[in-house]
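To start, the structure itself, in structure tokens.
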Amino acid sequence: MSELKYCQGPKCHTYYTKDRLKGMKDSKTYQTRRRSSFYYLGGNACDMRCQSDWFQKFGEQAIDHFGRLKEVKHLTEQNAWVKDYNYTSGWGSDKNYIYLNKITNEQRPLTEAQYDDTNYTLNER
Ligand SMILES: [Zn+2]
């Protein structure tokens with residue numbers, strides 16, 4: 001069995017659900033959920049409520065830590081490239097990976113590896 005992760009929701013243990021009630025017969029307590037994987041908060045929270053609780057408590061600090069946006073951003077030709085794909089026609093169709101400029105609508109072909117590479121971009125930084 002893979003290692004279990006703890007839900008990072010600060011109030012997870014305060015919600016009364018059967019699956020949170022754990023322990024020996026006479027000493028059961030409501031506990032933070034543990035699972036091999038989660039779907040919320042980037043894989044760190046068990047549900048939307050815990051995700052929201054986390055953000056209520058830590059969101060402000062997180063934004064300050066990682067950098068608060070202090071001026072308007074503009075979508076221009078230089079930063080308007082987005083990865084996308086379409087399907088070749090017909091049955092059993094393959095994906096055509098493309099870079100699409102949302103301003104000019106110019107398309108450039110991408111390999112699947114480039115599509116999957118989160119650092120690969122045509123945007124000027
Ligand atoms: Zn939780």
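Please note that chains go A, B, ... in the order of the structure tokens, that every chain numbers its residues from 1, and that ligands are numbered from 1 in the order shown.
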Exercise. Counting only C-alpha atoms and all ligand atoms, what residues are within 6 Å of ligand 1, given as a PyMOL selection string?
Worked result: chain A and resi 7+9+12+33+45-47+50
Problem set entry | Surrounding residues of Leu122 in chain A excluding itself and chain neighbours under 4 positions, 9 Å, only C-alpha atoms, as a list of chain:residue names | A:Gln78, A:Asn79, A:Ala80, A:Trp81, A:Val82, A:Tyr99
For this session: Go ahead and compute the interatomic distance for CA of Lys22 in chain A and CA of Ser2 in chain A, in Å to one decimal.
Result: 19.8 Å
Exercise. Which residues, written as a count of residues only, have at least one atom at most 9 Å from Ile98 in chain A, with only C-alpha atoms counted and residues fewer than 4 positions away on the same chain left out?
Worked result: 11
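For chain A, backbone-based DSSP labels the following residues as strand (DSSP E or B): Lys5, Tyr6, Leu21, Lys22, Thr29, Tyr30, Arg34, Arg35, Tyr40, Ala45, Trp81, Val82, Lys83, Asp84, Tyr85, Asn86, Tyr87, Lys95, Asn96, Tyr97, Ile98, Tyr99, Leu100, Asn101, Gln107, Arg108 and Pro109 of chain A.
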Just-selected residues, N, CA, C and O atoms written as a short mmCIF file (atom, residue, chain, number, x, y, z; two decimals), in the first residue's frame:
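Below you can see selection34.cif, which holds the result:
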```cif
data_model
loop_
_atom_site.label_atom_id
_atom_site.label_comp_id
_atom_site.auth_asym_id
_atom_site.auth_seq_id
_atom_site.Cartn_x
_atom_site.Cartn_y
_atom_site.Cartn_z
N LYS A 5 -1.43 10.24 2.43
CA LYS A 5 -1.25 11.68 2.64
C LYS A 5 -2.35 12.16 3.58
O LYS A 5 -3.43 11.58 3.63
N TYR A 6 -2.07 13.22 4.28
CA TYR A 6 -3.07 13.83 5.13
C TYR A 6 -3.73 14.99 4.41
O TYR A 6 -3.04 15.80 3.78
N LEU A 21 -14.48 9.15 11.59
CA LEU A 21 -14.55 8.62 12.97
C LEU A 21 -13.73 7.33 13.04
O LEU A 21 -14.10 6.31 12.46
N LYS A 22 -12.61 7.43 13.73
CA LYS A 22 -11.68 6.29 13.76
C LYS A 22 -11.12 6.07 15.15
O LYS A 22 -11.15 6.95 15.99
N THR A 29 -12.30 8.99 17.63
CA THR A 29 -12.28 10.44 17.45
C THR A 29 -12.47 10.76 15.97
O THR A 29 -12.17 9.94 15.11
N TYR A 30 -12.95 11.94 15.72
CA TYR A 30 -13.00 12.43 14.33
C TYR A 30 -11.60 12.86 13.95
O TYR A 30 -10.97 13.63 14.68
N ARG A 34 -7.10 10.63 5.62
CA ARG A 34 -5.83 10.16 5.03
C ARG A 34 -6.17 9.32 3.82
O ARG A 34 -7.02 8.44 3.89
N ARG A 35 -5.50 9.62 2.72
CA ARG A 35 -5.71 8.84 1.50
C ARG A 35 -4.43 8.80 0.70
O ARG A 35 -3.54 9.61 0.90
N TYR A 40 -8.33 17.68 -4.66
CA TYR A 40 -8.48 19.12 -4.47
C TYR A 40 -7.19 19.74 -3.95
O TYR A 40 -6.33 19.05 -3.42
N ALA A 45 -6.07 18.23 -0.60
CA ALA A 45 -7.28 18.33 0.22
C ALA A 45 -8.31 17.31 -0.23
O ALA A 45 -8.38 16.95 -1.40
N TRP A 81 0.40 32.96 -26.62
CA TRP A 81 0.49 31.57 -27.09
C TRP A 81 -0.06 30.61 -26.05
O TRP A 81 0.34 30.63 -24.89
N VAL A 82 -1.00 29.77 -26.47
CA VAL A 82 -1.55 28.74 -25.59
C VAL A 82 -1.45 27.39 -26.29
O VAL A 82 -1.55 27.29 -27.51
N LYS A 83 -1.23 26.38 -25.49
CA LYS A 83 -1.19 25.02 -26.04
C LYS A 83 -2.61 24.53 -26.23
O LYS A 83 -3.48 24.77 -25.40
N ASP A 84 -2.82 23.83 -27.31
CA ASP A 84 -4.16 23.32 -27.59
C ASP A 84 -4.00 22.07 -28.46
O ASP A 84 -2.87 21.72 -28.82
N TYR A 85 -5.08 21.42 -28.72
CA TYR A 85 -5.02 20.31 -29.66
C TYR A 85 -6.36 20.17 -30.35
O TYR A 85 -7.37 20.64 -29.86
N ASN A 86 -6.32 19.58 -31.51
CA ASN A 86 -7.55 19.21 -32.19
C ASN A 86 -7.37 17.78 -32.68
O ASN A 86 -6.30 17.20 -32.55
N TYR A 87 -8.43 17.23 -33.21
CA TYR A 87 -8.38 15.83 -33.63
C TYR A 87 -8.34 15.73 -35.15
O TYR A 87 -9.02 16.47 -35.84
N LYS A 95 -4.55 13.05 -31.84
CA LYS A 95 -4.54 14.47 -31.50
C LYS A 95 -3.46 15.17 -32.32
O LYS A 95 -2.37 14.66 -32.48
N ASN A 96 -3.82 16.35 -32.82
CA ASN A 96 -2.84 17.26 -33.40
C ASN A 96 -2.53 18.31 -32.36
O ASN A 96 -3.41 19.10 -32.00
N TYR A 97 -1.31 18.32 -31.85
CA TYR A 97 -0.95 19.32 -30.85
C TYR A 97 -0.51 20.59 -31.55
O TYR A 97 0.25 20.55 -32.53
N ILE A 98 -1.00 21.70 -31.06
CA ILE A 98 -0.66 22.98 -31.68
C ILE A 98 -0.39 24.05 -30.63
O ILE A 98 -0.84 23.94 -29.49
N TYR A 99 0.36 25.04 -31.06
CA TYR A 99 0.46 26.28 -30.30
C TYR A 99 -0.42 27.28 -31.02
O TYR A 99 -0.33 27.44 -32.23
N LEU A 100 -1.32 27.91 -30.29
CA LEU A 100 -2.27 28.85 -30.87
C LEU A 100 -2.04 30.22 -30.26
O LEU A 100 -2.01 30.35 -29.03
N ASN A 101 -1.87 31.22 -31.12
CA ASN A 101 -1.76 32.58 -30.61
C ASN A 101 -3.17 33.16 -30.56
O ASN A 101 -3.83 33.30 -31.58
N GLN A 107 -1.18 29.43 -35.85
CA GLN A 107 -0.99 28.12 -35.25
C GLN A 107 0.36 27.57 -35.65
O GLN A 107 0.79 27.74 -36.79
N ARG A 108 1.02 26.94 -34.71
CA ARG A 108 2.28 26.25 -35.01
C ARG A 108 2.20 24.84 -34.44
O ARG A 108 1.65 24.64 -33.36
N PRO A 109 2.74 23.88 -35.17
CA PRO A 109 2.67 22.50 -34.69
C PRO A 109 3.55 22.28 -33.46
O PRO A 109 4.58 22.93 -33.29
#
```
Problem set entry | Residues of range 52-115 of chain A in helix (DSSP H, G or I), written as a PyMOL selection string | chain A and resi 52-66+77-79+112-115
